[in-house]
>>> print(open('work_39.cif').read())   # mmCIF, N, CA and C atoms
data_coords
#
loop_
_atom_site.label_atom_id
_atom_site.label_comp_id
_atom_site.auth_asym_id
_atom_site.auth_seq_id
_atom_site.Cartn_x
_atom_site.Cartn_y
_atom_site.Cartn_z
N MET A 1 -20.19 -13.23 -22.32
CA MET A 1 -20.28 -14.11 -23.47
C MET A 1 -21.74 -14.45 -23.78
N ALA A 2 -22.59 -14.43 -22.77
CA ALA A 2 -23.99 -14.75 -23.01
C ALA A 2 -24.62 -13.77 -23.99
N CYS A 3 -24.23 -12.51 -23.93
CA CYS A 3 -24.79 -11.51 -24.85
C CYS A 3 -24.38 -11.80 -26.29
N SER A 4 -23.22 -12.41 -26.48
CA SER A 4 -22.77 -12.70 -27.84
C SER A 4 -23.71 -13.69 -28.54
N TYR A 5 -24.35 -14.57 -27.79
CA TYR A 5 -25.29 -15.51 -28.40
C TYR A 5 -26.49 -14.80 -29.00
N LEU A 6 -26.83 -13.64 -28.48
CA LEU A 6 -27.95 -12.87 -29.03
C LEU A 6 -27.70 -12.49 -30.49
N LEU A 7 -26.42 -12.42 -30.87
CA LEU A 7 -26.07 -12.03 -32.23
C LEU A 7 -26.34 -13.15 -33.24
N SER A 8 -26.72 -14.32 -32.75
CA SER A 8 -27.02 -15.43 -33.66
C SER A 8 -28.51 -15.51 -33.99
N TYR A 9 -29.32 -14.60 -33.43
CA TYR A 9 -30.76 -14.61 -33.67
C TYR A 9 -31.15 -13.57 -34.72
N ASP A 10 -32.44 -13.30 -34.83
CA ASP A 10 -32.90 -12.36 -35.86
C ASP A 10 -32.42 -10.94 -35.55
N GLU A 11 -32.63 -10.07 -36.52
CA GLU A 11 -32.06 -8.71 -36.49
C GLU A 11 -32.44 -7.91 -35.25
N GLU A 12 -33.69 -8.00 -34.82
CA GLU A 12 -34.14 -7.24 -33.66
C GLU A 12 -33.40 -7.68 -32.39
N ILE A 13 -33.22 -8.96 -32.23
CA ILE A 13 -32.51 -9.48 -31.05
C ILE A 13 -31.02 -9.16 -31.16
N GLN A 14 -30.48 -9.20 -32.38
CA GLN A 14 -29.07 -8.83 -32.58
C GLN A 14 -28.83 -7.40 -32.13
N PHE A 15 -29.76 -6.51 -32.45
CA PHE A 15 -29.63 -5.10 -32.06
C PHE A 15 -29.56 -4.98 -30.54
N ILE A 16 -30.39 -5.71 -29.83
CA ILE A 16 -30.37 -5.71 -28.37
C ILE A 16 -29.02 -6.23 -27.87
N GLY A 17 -28.52 -7.30 -28.47
CA GLY A 17 -27.22 -7.85 -28.09
C GLY A 17 -26.09 -6.87 -28.31
N GLU A 18 -26.11 -6.18 -29.44
CA GLU A 18 -25.08 -5.18 -29.74
C GLU A 18 -25.09 -4.08 -28.69
N LYS A 19 -26.26 -3.58 -28.35
CA LYS A 19 -26.36 -2.51 -27.34
C LYS A 19 -25.84 -2.98 -25.99
N ARG A 20 -26.14 -4.21 -25.63
CA ARG A 20 -25.65 -4.74 -24.35
C ARG A 20 -24.13 -4.87 -24.36
N LEU A 21 -23.57 -5.34 -25.45
CA LEU A 21 -22.12 -5.48 -25.54
C LEU A 21 -21.44 -4.12 -25.49
N ILE A 22 -22.00 -3.14 -26.16
CA ILE A 22 -21.46 -1.77 -26.09
C ILE A 22 -21.53 -1.25 -24.66
N GLY A 23 -22.63 -1.52 -23.99
CA GLY A 23 -22.77 -1.10 -22.60
C GLY A 23 -21.76 -1.77 -21.68
N ILE A 24 -21.50 -3.04 -21.90
CA ILE A 24 -20.52 -3.76 -21.08
C ILE A 24 -19.14 -3.18 -21.31
N ALA A 25 -18.77 -2.97 -22.57
CA ALA A 25 -17.45 -2.40 -22.88
C ALA A 25 -17.31 -1.01 -22.27
N THR A 26 -18.38 -0.23 -22.32
CA THR A 26 -18.36 1.13 -21.76
C THR A 26 -18.20 1.09 -20.25
N GLN A 27 -18.93 0.21 -19.60
CA GLN A 27 -18.84 0.10 -18.15
C GLN A 27 -17.46 -0.34 -17.70
N LEU A 28 -16.90 -1.32 -18.39
CA LEU A 28 -15.55 -1.77 -18.05
C LEU A 28 -14.54 -0.63 -18.24
N PHE A 29 -14.70 0.15 -19.30
CA PHE A 29 -13.82 1.28 -19.53
C PHE A 29 -13.93 2.30 -18.40
N ARG A 30 -15.15 2.62 -18.01
CA ARG A 30 -15.36 3.58 -16.93
C ARG A 30 -14.78 3.11 -15.60
N GLU A 31 -14.76 1.81 -15.41
CA GLU A 31 -14.20 1.24 -14.19
C GLU A 31 -12.68 1.15 -14.24
N GLY A 32 -12.10 1.55 -15.36
CA GLY A 32 -10.64 1.51 -15.51
C GLY A 32 -10.11 0.18 -15.99
N ASN A 33 -10.99 -0.64 -16.57
CA ASN A 33 -10.61 -1.95 -17.07
C ASN A 33 -11.02 -2.14 -18.53
N PRO A 34 -10.49 -1.30 -19.44
CA PRO A 34 -10.87 -1.46 -20.84
C PRO A 34 -10.43 -2.83 -21.35
N VAL A 35 -11.30 -3.46 -22.13
CA VAL A 35 -11.07 -4.83 -22.57
C VAL A 35 -10.81 -4.88 -24.06
N HIS A 36 -9.89 -5.76 -24.43
CA HIS A 36 -9.63 -6.05 -25.84
C HIS A 36 -9.71 -7.57 -26.00
N MET A 37 -10.63 -8.02 -26.84
CA MET A 37 -10.85 -9.45 -27.06
C MET A 37 -9.94 -9.95 -28.17
N ILE A 38 -9.30 -11.11 -27.94
CA ILE A 38 -8.44 -11.71 -28.97
C ILE A 38 -8.76 -13.20 -29.06
N MET A 39 -8.50 -13.76 -30.24
CA MET A 39 -8.72 -15.19 -30.44
C MET A 39 -7.61 -15.75 -31.30
N GLY A 40 -7.59 -17.05 -31.39
CA GLY A 40 -6.64 -17.71 -32.26
C GLY A 40 -5.68 -18.57 -31.49
N MET A 41 -4.84 -19.26 -32.25
CA MET A 41 -3.86 -20.15 -31.64
C MET A 41 -2.94 -19.36 -30.72
N ASN A 42 -2.76 -19.86 -29.54
CA ASN A 42 -1.90 -19.26 -28.52
C ASN A 42 -2.38 -17.89 -28.05
N SER A 43 -3.64 -17.56 -28.30
CA SER A 43 -4.13 -16.25 -27.88
C SER A 43 -4.14 -16.12 -26.36
N SER A 44 -4.34 -17.21 -25.66
CA SER A 44 -4.33 -17.13 -24.19
C SER A 44 -2.93 -16.83 -23.69
N LEU A 45 -1.91 -17.38 -24.34
CA LEU A 45 -0.53 -17.07 -23.97
C LEU A 45 -0.21 -15.60 -24.25
N TYR A 46 -0.67 -15.13 -25.41
CA TYR A 46 -0.47 -13.73 -25.78
C TYR A 46 -1.17 -12.81 -24.79
N ALA A 47 -2.41 -13.15 -24.42
CA ALA A 47 -3.17 -12.34 -23.46
C ALA A 47 -2.45 -12.29 -22.12
N ASN A 48 -1.97 -13.43 -21.67
CA ASN A 48 -1.24 -13.45 -20.39
C ASN A 48 0.01 -12.58 -20.45
N GLU A 49 0.72 -12.66 -21.55
CA GLU A 49 1.94 -11.86 -21.72
C GLU A 49 1.62 -10.37 -21.73
N LYS A 50 0.60 -9.98 -22.49
CA LYS A 50 0.22 -8.57 -22.57
C LYS A 50 -0.31 -8.05 -21.23
N ASN A 51 -1.01 -8.89 -20.50
CA ASN A 51 -1.58 -8.47 -19.22
C ASN A 51 -0.53 -8.33 -18.12
N GLU A 52 0.64 -8.91 -18.32
CA GLU A 52 1.72 -8.75 -17.34
C GLU A 52 2.34 -7.36 -17.41
N ASN A 53 2.17 -6.68 -18.53
CA ASN A 53 2.71 -5.34 -18.72
C ASN A 53 1.82 -4.33 -18.00
N LEU A 54 2.21 -3.96 -16.81
CA LEU A 54 1.40 -3.05 -16.01
C LEU A 54 1.57 -1.58 -16.39
N THR A 55 2.48 -1.30 -17.32
CA THR A 55 2.72 0.08 -17.75
C THR A 55 2.07 0.37 -19.09
N ASP A 56 1.22 -0.52 -19.58
CA ASP A 56 0.50 -0.33 -20.83
C ASP A 56 -0.20 1.03 -20.79
N TYR A 57 0.00 1.84 -21.78
CA TYR A 57 -0.54 3.21 -21.80
C TYR A 57 -2.06 3.22 -21.67
N ASN A 58 -2.72 2.30 -22.34
CA ASN A 58 -4.19 2.27 -22.33
C ASN A 58 -4.75 1.42 -21.21
N HIS A 59 -3.90 0.72 -20.48
CA HIS A 59 -4.32 -0.18 -19.40
C HIS A 59 -5.32 -1.22 -19.90
N LEU A 60 -5.12 -1.69 -21.12
CA LEU A 60 -6.01 -2.69 -21.69
C LEU A 60 -5.88 -4.02 -20.97
N VAL A 61 -7.01 -4.68 -20.81
CA VAL A 61 -7.05 -6.03 -20.29
C VAL A 61 -7.36 -6.92 -21.49
N TYR A 62 -6.43 -7.79 -21.84
CA TYR A 62 -6.60 -8.66 -22.99
C TYR A 62 -7.32 -9.93 -22.54
N VAL A 63 -8.36 -10.30 -23.27
CA VAL A 63 -9.15 -11.48 -22.95
C VAL A 63 -9.16 -12.39 -24.17
N SER A 64 -8.67 -13.60 -23.97
CA SER A 64 -8.68 -14.59 -25.02
C SER A 64 -10.03 -15.30 -24.98
N TYR A 65 -10.64 -15.47 -26.14
CA TYR A 65 -11.93 -16.16 -26.20
C TYR A 65 -11.91 -17.22 -27.29
N GLY A 66 -12.69 -18.23 -27.11
CA GLY A 66 -12.91 -19.24 -28.13
C GLY A 66 -11.69 -20.06 -28.47
N GLU A 67 -11.75 -20.63 -29.62
CA GLU A 67 -10.71 -21.51 -30.14
C GLU A 67 -10.09 -20.87 -31.37
N CYS A 68 -9.39 -21.66 -32.15
CA CYS A 68 -8.80 -21.14 -33.39
C CYS A 68 -9.88 -20.75 -34.38
N THR A 69 -10.99 -21.46 -34.36
CA THR A 69 -12.13 -21.09 -35.19
C THR A 69 -13.31 -20.84 -34.27
N ASN A 70 -14.11 -19.87 -34.62
CA ASN A 70 -15.24 -19.47 -33.80
C ASN A 70 -16.45 -19.20 -34.67
N PRO A 71 -17.63 -19.35 -34.10
CA PRO A 71 -18.83 -18.99 -34.87
C PRO A 71 -18.84 -17.48 -35.15
N SER A 72 -19.50 -17.10 -36.21
CA SER A 72 -19.49 -15.70 -36.64
C SER A 72 -20.05 -14.76 -35.58
N PHE A 73 -21.05 -15.21 -34.80
CA PHE A 73 -21.62 -14.32 -33.79
C PHE A 73 -20.62 -14.00 -32.69
N LEU A 74 -19.72 -14.94 -32.38
CA LEU A 74 -18.71 -14.70 -31.36
C LEU A 74 -17.65 -13.72 -31.87
N ILE A 75 -17.28 -13.87 -33.11
CA ILE A 75 -16.32 -12.95 -33.73
C ILE A 75 -16.92 -11.54 -33.78
N LYS A 76 -18.19 -11.44 -34.18
CA LYS A 76 -18.86 -10.14 -34.25
C LYS A 76 -18.94 -9.49 -32.87
N ALA A 77 -19.22 -10.28 -31.85
CA ALA A 77 -19.29 -9.75 -30.48
C ALA A 77 -17.95 -9.15 -30.07
N ALA A 78 -16.87 -9.84 -30.36
CA ALA A 78 -15.54 -9.33 -30.03
C ALA A 78 -15.25 -8.04 -30.80
N GLU A 79 -15.66 -7.99 -32.06
CA GLU A 79 -15.46 -6.78 -32.86
C GLU A 79 -16.22 -5.60 -32.27
N ILE A 80 -17.43 -5.83 -31.80
CA ILE A 80 -18.23 -4.76 -31.20
C ILE A 80 -17.55 -4.24 -29.94
N ILE A 81 -17.11 -5.15 -29.09
CA ILE A 81 -16.44 -4.76 -27.85
C ILE A 81 -15.15 -4.00 -28.15
N ASN A 82 -14.33 -4.54 -29.05
CA ASN A 82 -13.06 -3.89 -29.37
C ASN A 82 -13.27 -2.52 -30.01
N LYS A 83 -14.27 -2.40 -30.87
CA LYS A 83 -14.56 -1.11 -31.50
C LYS A 83 -14.97 -0.08 -30.46
N GLN A 84 -15.83 -0.47 -29.54
CA GLN A 84 -16.29 0.46 -28.50
C GLN A 84 -15.13 0.85 -27.59
N THR A 85 -14.31 -0.10 -27.21
CA THR A 85 -13.16 0.20 -26.35
C THR A 85 -12.22 1.17 -27.05
N THR A 86 -11.94 0.93 -28.32
CA THR A 86 -11.06 1.82 -29.08
C THR A 86 -11.65 3.21 -29.17
N LEU A 87 -12.94 3.30 -29.44
CA LEU A 87 -13.62 4.60 -29.51
C LEU A 87 -13.50 5.36 -28.20
N LEU A 88 -13.71 4.68 -27.09
CA LEU A 88 -13.63 5.34 -25.79
C LEU A 88 -12.21 5.79 -25.46
N ILE A 89 -11.23 4.99 -25.83
CA ILE A 89 -9.84 5.37 -25.59
C ILE A 89 -9.49 6.62 -26.41
N GLU A 90 -9.91 6.64 -27.67
CA GLU A 90 -9.63 7.78 -28.54
C GLU A 90 -10.33 9.04 -28.02
N GLN A 91 -11.56 8.90 -27.54
CA GLN A 91 -12.29 10.04 -27.00
C GLN A 91 -11.62 10.57 -25.74
N SER A 92 -11.12 9.69 -24.91
CA SER A 92 -10.47 10.13 -23.67
C SER A 92 -9.14 10.83 -23.96
N ARG A 93 -8.48 10.46 -25.01
CA ARG A 93 -7.22 11.11 -25.39
C ARG A 93 -7.45 12.52 -25.90
N SER A 94 -8.57 12.73 -26.58
CA SER A 94 -8.82 14.03 -27.20
C SER A 94 -9.33 15.08 -26.20
N LYS A 95 -9.60 14.66 -24.99
CA LYS A 95 -10.11 15.61 -23.98
C LYS A 95 -9.00 16.39 -23.34
#
>>> encode(input="work_39.cif", output="structure tokens")
Amino acid sequence: MACSYLLSYDEEIQFIGEKRLIGIATQLFREGNPVHMIMGMNSSLYANEKNENLTDYNHLVYVSYGECTNPSFLIKAAEIINKQTTLLIEQSRSK
């Protein structure tokens, strides 16, 4: 989450934050723990429910973050992580 705060600064620092978030998502994927970030009302309940399914094809780990409303940099951070995770899953399927 600390890297997401970098997205609230100027463009050069945002770029560094984006690269770090992509790296984190990539590392988690390589370790067999691909992450999907979710937010909103009852998102923690949804995450717990989805994480109980041990037969999930993609083995996604759902992580609830923030509250019902979040600052734009936190939403952008989740989008970056989710996009990278999705890209890696799609690439692994095509091999």
>>> atom_distance(input="work_39.cif", atom1="atom N of A:Lys19", atom2="atom N of A:Asn82")
12.0 Å
>>> select_by_dssp(input="work_39.cif", residues="chain A", states="helix (DSSP H, G or I)", output="PyMOL selection string")
chain A and resi 2-8+11-30+43-52+72-93
>>> closest_residue(input="work_39.cif", among="A:Val61, A:Cys68, A:Ile81, A:Ile24", to="A:Ser43", atoms="only C-alpha atoms")
A:Cys68
>>> closest_residue(input="work_39.cif", among="A:Leu74, A:Leu60, A:Ile89, A:Met1", to="A:Gly32", atoms="only N, CA and C atoms")
A:Leu60
>>> atom_distance(input="work_39.cif", atom1="atom CA of A:Gln91", atom2="atom CA of A:Asn58")
12.2 Å
